[in-house]
Amino acid sequence: MGLTKNSVGIKAVDGGLVIQKENGNERVVALAGNPNVGKSTVFNALTGMNQHTGNWPGKTVSNAQGYCKTENNSYILVDIPGTYSLMAHSAEEEVARNFICFGEPDAVVVVCDATCLERNLNLVIQTVEICKNTVVCVNLLDEARRKGIKLDLKKLSERLGVPVVGTVAQKKKTLTELMKTLDKVPLNTSDNAIRVRYPDIIEEAVGIIEDALNGMDCTQLDKRWLSLKLLENDPQLEAQLKLYLGSDFLDNGALKAATVKATQKLQLCGVRGDKLKDMIVSSIVLTAEKICNGVVTYAESGYRSADRKIDRVLTSRWGGYPVMLLLMAFIFWLTISGANYPSELLSKGLFAVQDMLSDLFMKLGAPEWLHGALVMGVYRVLAWVVSVMLPPMAIFFPLFTLLEDSGYLPRVAYNLDRPFKRCCACGKQALTMCMGFGCNAAGVVGCRIIDSPRERLLAILTNSFVPCNGRFPTIITVIAMFFVGSAAGVFSSVLSAVLLTAVIVLGILMTFLSTKLLSKTVLKGVPSSFTLELPPYRKPQIGKVIVRSVFDRTLFVLGRAAAVAAPAGLIIWLAANITVGESSILQHCANFLDPFARLMGLDGVILIAFILGFPANEIVVPIIIMAYTANGSLTELPGIFVMKNLLEANGWTWITAICFLIFCLMHWPCSTTLITIKKETGSLKWTALAAVLPTVFGIVLCILFNLTAKMFL
């Protein structure tokens with residue numbers, strides 16, 4: 001892979017991360033933990049804005065690194081992926097294990113959930129086996145107190161043989177003790193950490209290999225742990241060992257002989273393959289249970305009874321789906337209602353700047369074509385995209401993140417796991433599909449949480465079947481014109497939200513259908529199993545949610561959309577203003593597409609508007625209005641009734657409106673999404689399929705509906 005250096009001194013070497021320290025005083029600390037234990041909250045609180053985010057080399061798994069300081073030391077914190085185990089059954093587990101083993105961190109902080117410590121200790125024990133410089137951070141102590149859970153952290157530290165610190169990550173001052181403890185962790189800890197006692201037959205086999213390793217240079221690797229892993233015969237780990245220790249290390253004659261002898265000893269006792277792994281896991285679980293005995297006490301046995309009562313409704317067959325639909329409709333109503341006014345204000349402000357730019361071009365004596373291309377083309381389209389796209393995303397993404405932080409989204413994945421399994425896909429696709437409602441590009445990036453490459457590809461290819469915030473305004477406008485009618489006020493927005501929800505349910509059903517189709521054809525396979533944790537319900541951190549969703553999601557997506565909207569504005573202006581004969585290029589293209597578009601229940605203008613709206617779906621309706629009125633630039637949308645009269649005068653009927661909604665729901669993804677798909681898959685073939693798949697479904701459904709509707713008229 002070679003070497004690359006980023007802003008926090010991380011260099012990538014052959015698929016792993018090695019830290020380049022800027023000075024000898026900096027210590028590298030890996031931050032590990034199960035999902036939903038507050039690891040990211042700890043990381044954000046310690047590093048603030050001194051962060052860098054990217055991908056692990058060779059992996060579609062996110063990493064974050066950041067700086068923090070104490071009076072005595074400077075630290076580079078590396079936020080490794082949330083994982084339940086280091087036995088590397090997924091990309092996240094592999095990345096976490098490899099960094100702890102081969103990234104040579106000076107210490108590892110394992111963040112645990114105080115409300116379910118025993119389960120979290122499985123990861124702690126595995127980490128301690130690899131790295132003796134481990135600090136256990138027992139987080140969420142406030143929740144534990146509320147639920148009547150008491151923990152003896154001193155006794156826990158004695159039993160683990162490593163420092164243990166209690167924190168409430170939302171209160172930054174509680175992290176001071178964690179940093180003081182890190183300052184005290186020496187670079188070479190005495191070997192007093194807990195060691196798991198495995199069954200005698202495994203201990204004997206480990207001893208055979210460990211004896212052979214005693215005469216070999218294993219650098220910082222624990223020889224007992226390495227012996228155990230060589231018994232497991234993990235090809236991926238062996239590849240990493242060759243990179244780290246040298247290609248000749250595993251070819252050592254004494255080591256190979258010892259490994260064969262130990263393996264044969266296990267096989268003679270019937271211990272091989274999955275049975276060996278089961279015995280190892282059982283030993284770790286039993287060790288965690290013994291450690292927790294007397295460390296954790298409960299004031300009452302039913303401390304999570306309230307969560308269970310809520311889950312009986314939210315995850316039941318009779319309650320789960322209705323609640324999801326109602327919540328979906330409510331979020332869409334809130335997004336629709338809340339985005340109107342700020343969108344209008346933003347539009348006025350941006351178009352006021354357009355007028356100022358026009359005055360400037362006139363004062364400078366610029367030619368009209370230059371003013372038209374740059375101001376009425378590039379800037380106007382860019383302003384339109386920003387004013388229409390920013391407000392709904394700024395509302396939807398925080399709402400989505402609030403659901404995520406509160407613990408509801410894992411319940412959505414749980415509810416949708418069964419239908420996705422029937423489609424030979426992964427239940428985690430439900431989460432990425434939900435992210436697609438905000439932005440399909442963000443949903444595609446979110447598919448990284450799916451371990452199986454086949455199932456990740458399924459989620460990527462079908463994500464655009466659910467409409468993003470870019471398509472919401474277009475769908476809502478048509479719904480309001482042709483189906484809401486004269487309804488006004490709150491009832492109008494409620495009815496719009498209900499009809500929008502119906503359209504989205506169609507998109508979800510088509511997601512299932514297309515996923516099933518792909519699973520039976522080009523992406524055949526058996527659905528993999530995954531661990532889905534239902535975390536406790538928590539009060540979300542509203543302030544941090546808003547900041548994180550706006551900067552990490554909204555502005556990120558908006559930036560990509562703006563980058564392609566600007567050149568698209570130039571193309572649209574040129575197509576509308578360059579004439580061939582008596583008609584513009586735009587009109588010629590519309591006339592060419594008209595026969596096929598009529599078969600779909602549309603017309604040529606609508607179809608060319610979708611094509612020119614490739615950079616951003618928000619400009620589809622303005623292009624239609626521009627073409628119908630023969631203006632040379634995007635026109636500000638008139639009142640809803642004026643717009644409806646204009647559309648009806650150009651041949652629109654309720655059939656046209658429904659076909660428009662179908663094709664708006666199912667056509668090629670926007671340029672931002674396709675660029676993201678290309679980056680995530682690294683394949684033009686899969687990117688092309690992601691564009692063709694929804695388009696074919698949309699065309700077929702439009703033709704079928706159009707012909708059927710006209711047959712019965």
# chains A, B, ... in the order shown; residues from 1 in each chain; ligands from 1
$ residues_around --residues "A:Gly446" --least-positions-apart "3" --cutoff "8 Å" --atoms "only C-alpha atoms" --output "PyMOL selection string"
chain A and resi 432+435+442-443+449
$ write_last_selection --atoms "all heavy atoms" --output "compact mmCIF listing (two decimals), in the first residue's frame"
# COMPACT_ATOMS: atom_id res chain seq x y z
N THR A 432 -29.44 1.17 7.38
CA THR A 432 -28.92 1.93 6.24
C THR A 432 -30.05 2.46 5.37
O THR A 432 -29.93 3.54 4.79
CB THR A 432 -27.98 1.06 5.40
OG1 THR A 432 -28.70 -0.02 4.79
CG2 THR A 432 -26.87 0.47 6.26
N MET A 435 -31.25 5.58 7.01
CA MET A 435 -30.34 6.69 6.73
C MET A 435 -30.57 7.25 5.34
O MET A 435 -30.38 8.45 5.10
CB MET A 435 -28.89 6.21 6.87
CG MET A 435 -28.48 5.89 8.29
SD MET A 435 -26.77 5.31 8.40
CE MET A 435 -25.91 6.84 8.02
N ALA A 442 -25.50 9.20 2.16
CA ALA A 442 -25.20 8.88 3.56
C ALA A 442 -25.59 7.44 3.87
O ALA A 442 -24.90 6.73 4.63
CB ALA A 442 -25.92 9.83 4.49
N GLY A 443 -26.72 6.98 3.30
CA GLY A 443 -27.14 5.59 3.48
C GLY A 443 -26.14 4.61 2.91
O GLY A 443 -25.88 3.55 3.50
N ILE A 449 -21.52 -0.77 8.04
CA ILE A 449 -21.80 -1.52 9.26
C ILE A 449 -22.13 -2.98 8.97
O ILE A 449 -22.17 -3.80 9.88
CB ILE A 449 -22.95 -0.89 10.07
CG1 ILE A 449 -24.28 -0.98 9.29
CG2 ILE A 449 -22.63 0.54 10.44
CD1 ILE A 449 -25.48 -0.51 10.07
$ residues_around --residues "A:Leu357" --least-positions-apart "4" --cutoff "8 Å" --atoms "only C-alpha atoms" --output "short mmCIF file (atom, residue, chain, number, x, y, z; two decimals) with C-alpha atoms, in the first residue's frame"
data_model
loop_
_atom_site.label_atom_id
_atom_site.label_comp_id
_atom_site.auth_asym_id
_atom_site.auth_seq_id
_atom_site.Cartn_x
_atom_site.Cartn_y
_atom_site.Cartn_z
CA VAL A 353 -27.27 37.78 -3.72
CA PHE A 361 -21.91 42.11 -14.00
CA VAL A 375 -25.19 33.90 -12.66
#
$ closest_residue --among "A:Arg97, A:Asn73, A:Ala413, A:Cys434" --to "A:Lys180" --atoms "only C-alpha atoms"
A:Asn73
$ select_by_dssp --residues "stretch 250-326 of chain A" --states "helix (DSSP H, G or I)" --output "number ranges by chain"
A: 250-251, 253-268, 274-292, 305-314, 320-326
$ closest_residue --among "A:Val386, A:Leu707, A:Val95, A:Ala394" --to "A:Arg598" --atoms "only C-alpha atoms"
A:Leu707
$ closest_residue --among "A:Leu77, A:Leu704, A:Ile202, A:Val642" --to "A:Lys275" --atoms "only C-alpha atoms"
A:Ile202
$ closest_residue --among "A:Glu104, A:Glu618, A:Glu582, A:Glu93" --to "A:Pro473" --atoms "only C-alpha atoms"
A:Glu618
$ closest_residue --among "A:Gly103, A:Pro536, A:Cys664, A:Thr462" --to "A:Ile310" --atoms "only C-alpha atoms"
A:Pro536
